[in-house]
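Student: Hey, dropping protein.cif in here, mmCIF, N, CA, C and O atoms:
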```cif
data_final
loop_
_atom_site.label_atom_id
_atom_site.label_comp_id
_atom_site.auth_asym_id
_atom_site.auth_seq_id
_atom_site.Cartn_x
_atom_site.Cartn_y
_atom_site.Cartn_z
N MET Q 23 -25.84 -22.05 -0.25
CA MET Q 23 -25.77 -21.72 1.14
C MET Q 23 -26.23 -20.27 1.33
O MET Q 23 -25.87 -19.41 0.55
N ARG Q 24 -27.00 -20.03 2.35
CA ARG Q 24 -27.54 -18.69 2.60
C ARG Q 24 -27.51 -18.42 4.10
O ARG Q 24 -27.79 -19.31 4.90
N ILE Q 25 -27.18 -17.19 4.46
CA ILE Q 25 -27.23 -16.79 5.87
C ILE Q 25 -27.93 -15.44 5.97
O ILE Q 25 -27.77 -14.59 5.10
N GLU Q 26 -28.72 -15.29 7.00
CA GLU Q 26 -29.48 -14.06 7.20
C GLU Q 26 -29.45 -13.66 8.66
O GLU Q 26 -29.60 -14.50 9.55
N LEU Q 27 -29.23 -12.38 8.90
CA LEU Q 27 -29.31 -11.81 10.24
C LEU Q 27 -30.56 -10.95 10.30
O LEU Q 27 -30.78 -10.12 9.42
N LYS Q 28 -31.38 -11.16 11.33
CA LYS Q 28 -32.62 -10.40 11.48
C LYS Q 28 -32.61 -9.68 12.83
O LYS Q 28 -32.60 -10.33 13.88
N ASN Q 29 -32.58 -8.34 12.76
CA ASN Q 29 -32.67 -7.50 13.96
C ASN Q 29 -31.66 -7.89 15.03
O ASN Q 29 -31.98 -7.97 16.22
N ILE Q 30 -30.42 -8.11 14.62
CA ILE Q 30 -29.36 -8.51 15.53
C ILE Q 30 -28.88 -7.31 16.34
O ILE Q 30 -28.59 -6.25 15.79
N SER Q 31 -28.77 -7.51 17.64
CA SER Q 31 -28.21 -6.50 18.53
C SER Q 31 -27.28 -7.19 19.52
O SER Q 31 -27.57 -8.30 19.97
N LEU Q 32 -26.17 -6.53 19.84
CA LEU Q 32 -25.22 -7.04 20.81
C LEU Q 32 -24.50 -5.87 21.45
O LEU Q 32 -23.87 -5.08 20.76
N ARG Q 33 -24.61 -5.75 22.74
CA ARG Q 33 -23.88 -4.72 23.48
C ARG Q 33 -22.55 -5.32 23.89
O ARG Q 33 -22.49 -6.29 24.64
N VAL Q 34 -21.47 -4.73 23.37
CA VAL Q 34 -20.13 -5.24 23.62
C VAL Q 34 -19.53 -4.57 24.85
O VAL Q 34 -18.86 -5.21 25.65
N SER Q 35 -19.75 -3.27 25.00
CA SER Q 35 -19.21 -2.51 26.13
C SER Q 35 -20.10 -1.30 26.36
O SER Q 35 -21.08 -1.09 25.65
N GLU Q 36 -19.72 -0.50 27.35
CA GLU Q 36 -20.46 0.74 27.62
C GLU Q 36 -20.44 1.68 26.42
O GLU Q 36 -21.39 2.41 26.17
N LYS Q 37 -19.34 1.62 25.66
CA LYS Q 37 -19.16 2.55 24.55
C LYS Q 37 -19.57 2.00 23.19
O LYS Q 37 -19.67 2.74 22.23
N PHE Q 38 -19.80 0.69 23.09
CA PHE Q 38 -20.04 0.12 21.76
C PHE Q 38 -21.10 -0.96 21.78
O PHE Q 38 -21.09 -1.84 22.63
N SER Q 39 -21.97 -0.91 20.78
CA SER Q 39 -22.95 -1.98 20.58
C SER Q 39 -23.39 -1.99 19.12
O SER Q 39 -23.33 -0.97 18.43
N LEU Q 40 -23.80 -3.16 18.66
CA LEU Q 40 -24.45 -3.29 17.36
C LEU Q 40 -25.95 -3.25 17.62
O LEU Q 40 -26.42 -3.88 18.57
N LYS Q 41 -26.68 -2.54 16.79
CA LYS Q 41 -28.12 -2.39 17.01
C LYS Q 41 -28.90 -2.66 15.74
O LYS Q 41 -28.62 -2.07 14.70
N ASN Q 42 -29.86 -3.54 15.82
CA ASN Q 42 -30.81 -3.82 14.73
C ASN Q 42 -30.14 -4.05 13.38
O ASN Q 42 -30.49 -3.42 12.39
N ILE Q 43 -29.20 -4.96 13.34
CA ILE Q 43 -28.49 -5.30 12.10
C ILE Q 43 -29.33 -6.31 11.31
O ILE Q 43 -29.75 -7.33 11.85
N ASN Q 44 -29.58 -6.00 10.06
CA ASN Q 44 -30.28 -6.90 9.14
C ASN Q 44 -29.38 -7.09 7.92
O ASN Q 44 -28.92 -6.11 7.33
N LEU Q 45 -29.12 -8.35 7.57
CA LEU Q 45 -28.20 -8.64 6.49
C LEU Q 45 -28.58 -9.98 5.87
O LEU Q 45 -28.93 -10.92 6.58
N GLN Q 46 -28.52 -10.05 4.55
CA GLN Q 46 -28.76 -11.30 3.83
C GLN Q 46 -27.60 -11.55 2.88
O GLN Q 46 -27.27 -10.70 2.07
N LEU Q 47 -26.98 -12.70 3.00
CA LEU Q 47 -25.95 -13.13 2.06
C LEU Q 47 -26.51 -14.35 1.35
O LEU Q 47 -26.70 -15.41 1.94
N GLU Q 48 -26.82 -14.17 0.08
CA GLU Q 48 -27.53 -15.21 -0.67
C GLU Q 48 -26.67 -16.42 -1.00
O GLU Q 48 -27.13 -17.53 -0.97
N ARG Q 49 -25.42 -16.20 -1.34
CA ARG Q 49 -24.53 -17.32 -1.68
C ARG Q 49 -23.23 -17.11 -0.94
O ARG Q 49 -22.33 -16.47 -1.43
N ILE Q 50 -23.14 -17.67 0.26
CA ILE Q 50 -21.96 -17.36 1.06
C ILE Q 50 -20.73 -18.17 0.67
O ILE Q 50 -19.70 -18.04 1.29
N GLU Q 51 -20.84 -19.00 -0.39
CA GLU Q 51 -19.60 -19.61 -0.85
C GLU Q 51 -18.77 -18.62 -1.67
O GLU Q 51 -17.64 -18.86 -1.98
N ARG Q 52 -19.37 -17.48 -2.00
CA ARG Q 52 -18.61 -16.40 -2.63
C ARG Q 52 -17.83 -15.66 -1.57
O ARG Q 52 -18.14 -15.72 -0.40
N LYS Q 53 -16.83 -14.92 -2.01
CA LYS Q 53 -16.02 -14.16 -1.06
C LYS Q 53 -16.62 -12.78 -0.86
O LYS Q 53 -16.97 -12.10 -1.80
N TYR Q 54 -16.76 -12.40 0.38
CA TYR Q 54 -17.25 -11.09 0.75
C TYR Q 54 -16.21 -10.41 1.61
O TYR Q 54 -15.41 -11.05 2.26
N CYS Q 55 -16.22 -9.09 1.61
CA CYS Q 55 -15.38 -8.36 2.55
C CYS Q 55 -16.23 -7.29 3.20
O CYS Q 55 -17.21 -6.82 2.64
N LEU Q 56 -15.86 -6.93 4.40
CA LEU Q 56 -16.57 -5.95 5.18
C LEU Q 56 -15.60 -4.81 5.44
O LEU Q 56 -14.53 -5.03 6.02
N ILE Q 57 -15.95 -3.61 5.00
CA ILE Q 57 -15.05 -2.46 5.11
C ILE Q 57 -15.72 -1.40 5.96
O ILE Q 57 -16.91 -1.12 5.81
N GLY Q 58 -14.93 -0.80 6.85
CA GLY Q 58 -15.44 0.28 7.68
C GLY Q 58 -14.33 0.80 8.57
O GLY Q 58 -13.27 0.20 8.67
N PRO Q 59 -14.59 1.91 9.25
CA PRO Q 59 -13.56 2.49 10.11
C PRO Q 59 -13.29 1.64 11.35
O PRO Q 59 -14.11 0.79 11.72
N ASN Q 60 -12.15 1.89 11.98
CA ASN Q 60 -11.81 1.20 13.22
C ASN Q 60 -12.93 1.41 14.24
O ASN Q 60 -13.46 2.50 14.39
N GLY Q 61 -13.28 0.34 14.93
CA GLY Q 61 -14.27 0.43 15.99
C GLY Q 61 -15.71 0.45 15.53
O GLY Q 61 -16.61 0.68 16.32
N SER Q 62 -15.96 0.18 14.25
CA SER Q 62 -17.33 0.25 13.74
C SER Q 62 -18.11 -1.06 13.92
O SER Q 62 -19.30 -1.10 13.66
N GLY Q 63 -17.43 -2.14 14.34
CA GLY Q 63 -18.11 -3.40 14.59
C GLY Q 63 -17.92 -4.46 13.53
O GLY Q 63 -18.63 -5.46 13.53
N LYS Q 64 -16.96 -4.28 12.64
CA LYS Q 64 -16.73 -5.26 11.56
C LYS Q 64 -16.42 -6.64 12.12
O LYS Q 64 -17.06 -7.62 11.74
N THR Q 65 -15.45 -6.72 13.01
CA THR Q 65 -15.04 -8.01 13.56
C THR Q 65 -16.16 -8.63 14.38
O THR Q 65 -16.43 -9.83 14.29
N THR Q 66 -16.85 -7.83 15.15
CA THR Q 66 -17.98 -8.33 15.94
C THR Q 66 -19.06 -8.91 15.03
O THR Q 66 -19.58 -10.00 15.28
N LEU Q 67 -19.37 -8.21 13.95
CA LEU Q 67 -20.37 -8.69 13.01
C LEU Q 67 -19.93 -9.99 12.35
O LEU Q 67 -20.72 -10.94 12.21
N ILE Q 68 -18.67 -10.08 11.97
CA ILE Q 68 -18.16 -11.32 11.34
C ILE Q 68 -18.22 -12.47 12.34
O ILE Q 68 -18.59 -13.59 11.99
N LYS Q 69 -17.89 -12.20 13.59
CA LYS Q 69 -17.95 -13.26 14.60
C LYS Q 69 -19.39 -13.74 14.82
O LYS Q 69 -19.61 -14.92 15.07
N ILE Q 70 -20.35 -12.85 14.69
CA ILE Q 70 -21.75 -13.26 14.77
C ILE Q 70 -22.11 -14.10 13.54
O ILE Q 70 -22.73 -15.15 13.66
N LEU Q 71 -21.69 -13.66 12.36
CA LEU Q 71 -21.95 -14.42 11.14
C LEU Q 71 -21.33 -15.81 11.19
O LEU Q 71 -21.89 -16.77 10.66
N MET Q 72 -20.16 -15.93 11.80
CA MET Q 72 -19.46 -17.20 11.89
C MET Q 72 -19.93 -18.04 13.07
O MET Q 72 -19.38 -19.10 13.35
N LEU Q 73 -20.95 -17.54 13.78
CA LEU Q 73 -21.53 -18.23 14.93
C LEU Q 73 -20.54 -18.38 16.08
O LEU Q 73 -20.62 -19.32 16.88
N LEU Q 74 -19.59 -17.46 16.18
CA LEU Q 74 -18.63 -17.45 17.28
C LEU Q 74 -19.11 -16.59 18.44
O LEU Q 74 -18.68 -16.79 19.57
N LEU Q 75 -19.98 -15.63 18.15
CA LEU Q 75 -20.62 -14.79 19.16
C LEU Q 75 -22.13 -14.93 19.00
O LEU Q 75 -22.62 -15.02 17.87
N SER Q 76 -22.83 -14.92 20.10
CA SER Q 76 -24.29 -14.98 20.05
C SER Q 76 -24.86 -13.59 20.31
O SER Q 76 -24.48 -12.93 21.28
N PRO Q 77 -25.77 -13.14 19.47
CA PRO Q 77 -26.38 -11.84 19.69
C PRO Q 77 -27.32 -11.88 20.90
O PRO Q 77 -27.82 -12.95 21.27
N GLN Q 78 -27.54 -10.72 21.50
CA GLN Q 78 -28.46 -10.64 22.63
C GLN Q 78 -29.91 -10.65 22.15
O GLN Q 78 -30.79 -11.17 22.83
N THR Q 79 -30.15 -10.04 21.00
CA THR Q 79 -31.49 -10.06 20.41
C THR Q 79 -31.38 -10.36 18.92
O THR Q 79 -30.31 -10.22 18.33
N GLY Q 80 -32.47 -10.77 18.33
CA GLY Q 80 -32.52 -11.07 16.91
C GLY Q 80 -32.29 -12.55 16.66
O GLY Q 80 -32.15 -13.35 17.59
N GLU Q 81 -32.28 -12.89 15.38
CA GLU Q 81 -32.07 -14.29 15.03
C GLU Q 81 -31.17 -14.43 13.81
O GLU Q 81 -31.08 -13.53 12.98
N ILE Q 82 -30.52 -15.57 13.75
CA ILE Q 82 -29.65 -15.92 12.63
C ILE Q 82 -30.31 -17.10 11.92
O ILE Q 82 -30.67 -18.09 12.55
N ILE Q 83 -30.47 -16.97 10.61
CA ILE Q 83 -31.08 -18.03 9.79
C ILE Q 83 -29.99 -18.54 8.85
O ILE Q 83 -29.38 -17.78 8.11
N PHE Q 84 -29.76 -19.83 8.89
CA PHE Q 84 -28.73 -20.46 8.07
C PHE Q 84 -29.40 -21.51 7.21
O PHE Q 84 -29.93 -22.49 7.72
N ASP Q 85 -29.39 -21.29 5.89
CA ASP Q 85 -30.07 -22.21 4.95
C ASP Q 85 -31.51 -22.49 5.40
O ASP Q 85 -31.93 -23.64 5.53
N ASN Q 86 -32.26 -21.42 5.66
CA ASN Q 86 -33.67 -21.48 6.08
C ASN Q 86 -33.90 -22.21 7.40
O ASN Q 86 -35.00 -22.66 7.68
N GLN Q 87 -32.85 -22.33 8.20
CA GLN Q 87 -32.95 -22.98 9.50
C GLN Q 87 -32.50 -22.00 10.57
O GLN Q 87 -31.40 -21.45 10.49
N ARG Q 88 -33.32 -21.77 11.58
CA ARG Q 88 -32.98 -20.86 12.67
C ARG Q 88 -31.84 -21.45 13.48
O ARG Q 88 -31.87 -22.63 13.86
N VAL Q 89 -30.81 -20.65 13.75
CA VAL Q 89 -29.67 -21.10 14.54
C VAL Q 89 -30.06 -21.09 16.02
O VAL Q 89 -30.56 -20.09 16.54
N THR Q 90 -29.82 -22.20 16.67
CA THR Q 90 -30.10 -22.35 18.10
C THR Q 90 -28.85 -22.90 18.79
O THR Q 90 -27.90 -23.31 18.12
N ASP Q 91 -28.88 -22.94 20.11
CA ASP Q 91 -27.75 -23.54 20.83
C ASP Q 91 -27.58 -25.00 20.46
O ASP Q 91 -26.47 -25.52 20.44
N ALA Q 92 -28.68 -25.68 20.15
CA ALA Q 92 -28.64 -27.11 19.83
C ALA Q 92 -27.96 -27.39 18.48
O ALA Q 92 -27.29 -28.42 18.33
N ASN Q 93 -28.12 -26.50 17.49
CA ASN Q 93 -27.55 -26.79 16.16
C ASN Q 93 -26.36 -25.90 15.79
O ASN Q 93 -25.78 -26.06 14.73
N LYS Q 94 -25.99 -24.98 16.66
CA LYS Q 94 -24.92 -24.02 16.35
C LYS Q 94 -23.59 -24.70 16.01
O LYS Q 94 -22.94 -24.33 15.03
N ASP Q 95 -23.18 -25.67 16.79
CA ASP Q 95 -21.88 -26.31 16.55
C ASP Q 95 -21.84 -27.05 15.21
O ASP Q 95 -20.84 -27.04 14.52
N ILE Q 96 -22.93 -27.68 14.84
CA ILE Q 96 -23.00 -28.39 13.56
C ILE Q 96 -22.92 -27.40 12.40
O ILE Q 96 -22.18 -27.61 11.44
N LEU Q 97 -23.66 -26.29 12.49
CA LEU Q 97 -23.67 -25.29 11.42
C LEU Q 97 -22.33 -24.55 11.34
O LEU Q 97 -21.88 -24.20 10.26
N ARG Q 98 -21.69 -24.31 12.47
CA ARG Q 98 -20.41 -23.58 12.50
C ARG Q 98 -19.34 -24.29 11.67
O ARG Q 98 -18.48 -23.64 11.08
N LYS Q 99 -19.41 -25.59 11.58
CA LYS Q 99 -18.41 -26.35 10.82
C LYS Q 99 -18.47 -26.06 9.33
O LYS Q 99 -17.53 -26.35 8.60
N ARG Q 100 -19.55 -25.45 8.87
CA ARG Q 100 -19.71 -25.14 7.44
C ARG Q 100 -19.24 -23.72 7.10
O ARG Q 100 -19.37 -23.29 5.96
N LEU Q 101 -18.72 -23.00 8.08
CA LEU Q 101 -18.35 -21.60 7.89
C LEU Q 101 -16.87 -21.37 8.14
O LEU Q 101 -16.24 -22.13 8.88
N SER Q 102 -16.33 -20.31 7.54
CA SER Q 102 -14.95 -19.92 7.82
C SER Q 102 -14.80 -18.43 7.57
O SER Q 102 -15.58 -17.82 6.84
N ALA Q 103 -13.80 -17.85 8.21
CA ALA Q 103 -13.48 -16.44 8.02
C ALA Q 103 -11.98 -16.28 8.12
O ALA Q 103 -11.31 -17.05 8.82
N CYS Q 104 -11.46 -15.30 7.44
CA CYS Q 104 -10.03 -15.00 7.48
C CYS Q 104 -9.87 -13.57 7.99
O CYS Q 104 -10.25 -12.62 7.32
N PHE Q 105 -9.34 -13.43 9.19
CA PHE Q 105 -9.14 -12.11 9.77
C PHE Q 105 -7.75 -11.62 9.45
O PHE Q 105 -6.79 -12.38 9.48
N GLN Q 106 -7.64 -10.34 9.14
CA GLN Q 106 -6.36 -9.74 8.82
C GLN Q 106 -5.76 -9.16 10.09
O GLN Q 106 -6.38 -8.34 10.75
N PRO Q 107 -4.54 -9.59 10.45
CA PRO Q 107 -3.91 -9.02 11.65
C PRO Q 107 -3.67 -7.52 11.47
O PRO Q 107 -3.11 -7.09 10.47
N ALA Q 108 -4.08 -6.74 12.43
CA ALA Q 108 -3.96 -5.28 12.34
C ALA Q 108 -2.52 -4.81 12.54
O ALA Q 108 -2.16 -3.73 12.11
N TYR Q 109 -1.69 -5.62 13.17
CA TYR Q 109 -0.34 -5.17 13.48
C TYR Q 109 0.59 -5.16 12.29
O TYR Q 109 1.68 -4.61 12.36
N LEU Q 110 0.21 -5.72 11.16
CA LEU Q 110 1.10 -5.75 10.00
C LEU Q 110 1.41 -4.36 9.49
O LEU Q 110 2.54 -4.04 9.16
N MET Q 111 0.43 -3.52 9.39
CA MET Q 111 0.61 -2.15 8.92
C MET Q 111 -0.03 -1.23 9.96
O MET Q 111 -1.17 -0.79 9.80
N ALA Q 112 0.68 -0.98 11.03
CA ALA Q 112 0.10 -0.26 12.16
C ALA Q 112 0.31 1.25 12.08
O ALA Q 112 -0.10 1.97 12.98
N GLY Q 113 0.94 1.74 11.03
CA GLY Q 113 1.21 3.18 10.93
C GLY Q 113 0.01 3.96 10.43
O GLY Q 113 -1.11 3.46 10.35
N THR Q 114 0.26 5.20 10.07
CA THR Q 114 -0.78 6.04 9.48
C THR Q 114 -1.04 5.58 8.05
O THR Q 114 -0.28 4.77 7.49
N ALA Q 115 -2.06 6.12 7.43
CA ALA Q 115 -2.35 5.79 6.03
C ALA Q 115 -1.15 6.15 5.15
O ALA Q 115 -0.76 5.38 4.26
N LEU Q 116 -0.55 7.31 5.41
CA LEU Q 116 0.63 7.73 4.63
C LEU Q 116 1.79 6.75 4.84
O LEU Q 116 2.45 6.37 3.88
N ASP Q 117 2.03 6.33 6.08
CA ASP Q 117 3.09 5.36 6.37
C ASP Q 117 2.84 4.06 5.60
O ASP Q 117 3.78 3.49 5.04
N ASN Q 118 1.61 3.61 5.58
CA ASN Q 118 1.28 2.36 4.90
C ASN Q 118 1.48 2.45 3.40
O ASN Q 118 1.89 1.49 2.76
N ILE Q 119 1.18 3.61 2.83
CA ILE Q 119 1.38 3.82 1.39
C ILE Q 119 2.86 3.98 1.07
O ILE Q 119 3.35 3.47 0.06
N MET Q 120 3.58 4.64 1.94
CA MET Q 120 5.01 4.90 1.70
C MET Q 120 5.87 3.64 1.86
O MET Q 120 6.91 3.52 1.22
N TYR Q 121 5.47 2.72 2.70
CA TYR Q 121 6.30 1.56 3.03
C TYR Q 121 6.81 0.80 1.80
O TYR Q 121 8.02 0.60 1.65
N PRO Q 122 5.93 0.36 0.87
CA PRO Q 122 6.46 -0.36 -0.29
C PRO Q 122 7.34 0.51 -1.19
O PRO Q 122 8.25 0.01 -1.85
N LEU Q 123 7.07 1.81 -1.22
CA LEU Q 123 7.89 2.70 -2.04
C LEU Q 123 9.29 2.82 -1.45
O LEU Q 123 10.29 2.80 -2.18
N ILE Q 124 9.37 2.95 -0.15
CA ILE Q 124 10.67 3.02 0.53
C ILE Q 124 11.43 1.71 0.34
O ILE Q 124 12.65 1.72 0.10
N MET Q 125 10.73 0.58 0.41
CA MET Q 125 11.37 -0.72 0.21
C MET Q 125 11.93 -0.86 -1.20
O MET Q 125 12.90 -1.58 -1.42
N ARG Q 126 11.36 -0.13 -2.16
CA ARG Q 126 11.85 -0.15 -3.54
C ARG Q 126 12.89 0.93 -3.78
O ARG Q 126 13.24 1.23 -4.91
N LYS Q 127 13.31 1.57 -2.70
CA LYS Q 127 14.36 2.60 -2.73
C LYS Q 127 13.96 3.83 -3.54
O LYS Q 127 14.78 4.49 -4.16
N ILE Q 128 12.67 4.14 -3.55
CA ILE Q 128 12.19 5.36 -4.18
C ILE Q 128 12.34 6.48 -3.16
O ILE Q 128 11.88 6.34 -2.02
N ASN Q 129 12.97 7.58 -3.56
CA ASN Q 129 13.21 8.63 -2.58
C ASN Q 129 11.90 9.28 -2.13
O ASN Q 129 10.90 9.24 -2.84
N LYS Q 130 11.96 9.88 -0.96
CA LYS Q 130 10.76 10.40 -0.32
C LYS Q 130 10.08 11.48 -1.16
O LYS Q 130 8.85 11.50 -1.29
N LYS Q 131 10.86 12.33 -1.78
CA LYS Q 131 10.29 13.42 -2.57
C LYS Q 131 9.52 12.86 -3.77
O LYS Q 131 8.42 13.28 -4.08
N GLU Q 132 10.12 11.90 -4.48
CA GLU Q 132 9.47 11.29 -5.64
C GLU Q 132 8.21 10.50 -5.22
O GLU Q 132 7.18 10.55 -5.87
N ALA Q 133 8.33 9.78 -4.12
CA ALA Q 133 7.20 8.99 -3.63
C ALA Q 133 6.05 9.91 -3.28
O ALA Q 133 4.90 9.63 -3.57
#
```
Can you dump the structure from the file as structure tokens?

Tutor:
Amino acid sequence: MRIELKNISLRVSEKFSLKNINLQLERIERKYCLIGPNGSGKTTLIKILMLLLSPQTGEIIFDNQRVTDANKDILRKRLSACFQPAYLMAGTALDNIMYPLIMRKINKKEA
């Protein structure tokens, strides 16, 4: 299985848009992760890859077949994504690191 994004652009709001994204995933049955800062477009990009959002420009190629409105629903059934809820660890980076240590009753100074 292969998926490719060619010159994908999507304006989400006045403050945010994805511009000219090009990406090739040669074997998407492998697990991939997308890492970046808050607000960088990770979720938007994954939703485009999963065919949940349609880009305003560019094209999506799935197994050498261009994704269209006519075949999108059929192709979408072959894809999945697992989103991590952001509310689980909503504190600062230090809070998130300290949490398991506090749960293990390690004192703050030692932690």

Student: Residues of chain Q in helix (DSSP H, G or I) according to DSSP, as a list of chain:residue names?

Tutor: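 Listing helix (DSSP H, G or I) positions across chain Q yields Q:Lys64, Q:Thr65, Q:Thr66, Q:Leu67, Q:Ile68, Q:Lys69, Q:Ile70, Q:Leu71, Q:Lys94, Q:Asp95, Q:Ile96, Q:Leu97, Q:Arg98, Q:Ala108, Q:Tyr109, Q:Leu110, Q:Met111, Q:Ala115, Q:Leu116, Q:Asp117, Q:Asn118, Q:Ile119, Q:Met120, Q:Tyr121, Q:Pro122, Q:Leu123, Q:Ile124, Q:Met125.
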
Student: In Å, rounded to a single decimal, give me how far CA of Ala112 (chain Q) is from CA of Ile68 (chain Q).

Tutor: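 Straight-line distance from CA of Ile68 (chain Q) to CA of Ala112 (chain Q) works out to 21.4 Å.
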
Student: Go ahead and compute the interatomic distance for atom C of Leu101 (chain Q) and atom N of Phe38 (chain Q), in Å to one decimal.

Tutor: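 Interatomic distance, atom C of Leu101 (chain Q) to atom N of Phe38 (chain Q): 26.8 Å.
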
Student: Counting only C-alpha atoms, what is within 12 Å of Cys55 (chain Q), bar same-chain residues fewer than 6 positions away, as a PyMOL selection string?

Tutor: chain Q and resi 47+64-65+67-68+103-106

Student: Please give the complete set of residues from chain Q that DSSP, run on the backbone, assigns to strand (DSSP E), formatted as an MDAnalysis selection string.

Tutor: chainID Q and resid 25:33 39:47 79:84 87:88

Student: From the set Q:Leu97, Q:Tyr54, Q:Ser62, Q:Tyr121, which residue has the shortest atom-to-atom contact distance to Ser39 (chain Q), counting all atoms listed in the file?

Tutor: Q:Ser62

Student: Apply the PyMOL selection byres (((chain Q and resi 72 and name CA) around 8) and name CA) to the file shown and report the selected residues as an MDAnalysis selection string.

Tutor: chainID Q and resid 68:71 73:75 98 101:103

Student: Quick one: write out the picked residues with N, CA, C and O atoms as a CSV table (one decimal), in the frame of the given file?

Tutor:
```csv
chain,number,residue,atom,x,y,z
Q,68,ILE,N,-18.7,-10.1,12.0
Q,68,ILE,CA,-18.2,-11.3,11.3
Q,68,ILE,C,-18.2,-12.5,12.3
Q,68,ILE,O,-18.6,-13.6,12.0
Q,69,LYS,N,-17.9,-12.2,13.6
Q,69,LYS,CA,-18.0,-13.3,14.6
Q,69,LYS,C,-19.4,-13.7,14.8
Q,69,LYS,O,-19.6,-14.9,15.1
Q,70,ILE,N,-20.4,-12.8,14.7
Q,70,ILE,CA,-21.8,-13.3,14.8
Q,70,ILE,C,-22.1,-14.1,13.5
Q,70,ILE,O,-22.7,-15.2,13.7
Q,71,LEU,N,-21.7,-13.7,12.4
Q,71,LEU,CA,-22.0,-14.4,11.1
Q,71,LEU,C,-21.3,-15.8,11.2
Q,71,LEU,O,-21.9,-16.8,10.7
Q,73,LEU,N,-21.0,-17.5,13.8
Q,73,LEU,CA,-21.5,-18.2,14.9
Q,73,LEU,C,-20.5,-18.4,16.1
Q,73,LEU,O,-20.6,-19.3,16.9
Q,74,LEU,N,-19.6,-17.5,16.2
Q,74,LEU,CA,-18.6,-17.4,17.3
Q,74,LEU,C,-19.1,-16.6,18.4
Q,74,LEU,O,-18.7,-16.8,19.6
Q,75,LEU,N,-20.0,-15.6,18.2
Q,75,LEU,CA,-20.6,-14.8,19.2
Q,75,LEU,C,-22.1,-14.9,19.0
Q,75,LEU,O,-22.6,-15.0,17.9
Q,98,ARG,N,-21.7,-24.3,12.5
Q,98,ARG,CA,-20.4,-23.6,12.5
Q,98,ARG,C,-19.3,-24.3,11.7
Q,98,ARG,O,-18.5,-23.6,11.1
Q,101,LEU,N,-18.7,-23.0,8.1
Q,101,LEU,CA,-18.4,-21.6,7.9
Q,101,LEU,C,-16.9,-21.4,8.1
Q,101,LEU,O,-16.2,-22.1,8.9
Q,102,SER,N,-16.3,-20.3,7.5
Q,102,SER,CA,-15.0,-19.9,7.8
Q,102,SER,C,-14.8,-18.4,7.6
Q,102,SER,O,-15.6,-17.8,6.8
Q,103,ALA,N,-13.8,-17.8,8.2
Q,103,ALA,CA,-13.5,-16.4,8.0
Q,103,ALA,C,-12.0,-16.3,8.1
Q,103,ALA,O,-11.3,-17.0,8.8
```

Student: What is the CA of Arg24 (chain Q)-CA of Leu45 (chain Q) distance in Å, reported with one decimal?

Tutor: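 These two atoms are separated by 10.8 Å.
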
Student: With 6 Å of padding per side, what axis-aligned box (centre and edge lengths, Å, one decimal) covers all the listed atoms of region 98-107 of chain Q? Give it as AutoDock Vina command-line options.

Tutor:
```
--center_x -12.4 --center_y -16.7 --center_z 9.2 --size_x 30.6 --size_y 31.3 --size_z 18.5
```

Student: Could you tell me which residues the PyMOL selection byres ((chain Q and resi 31-36) around 7) returns for this structure, as a PyMOL selection string?

Tutor: chain Q and resi 28-30+37-43+76-81
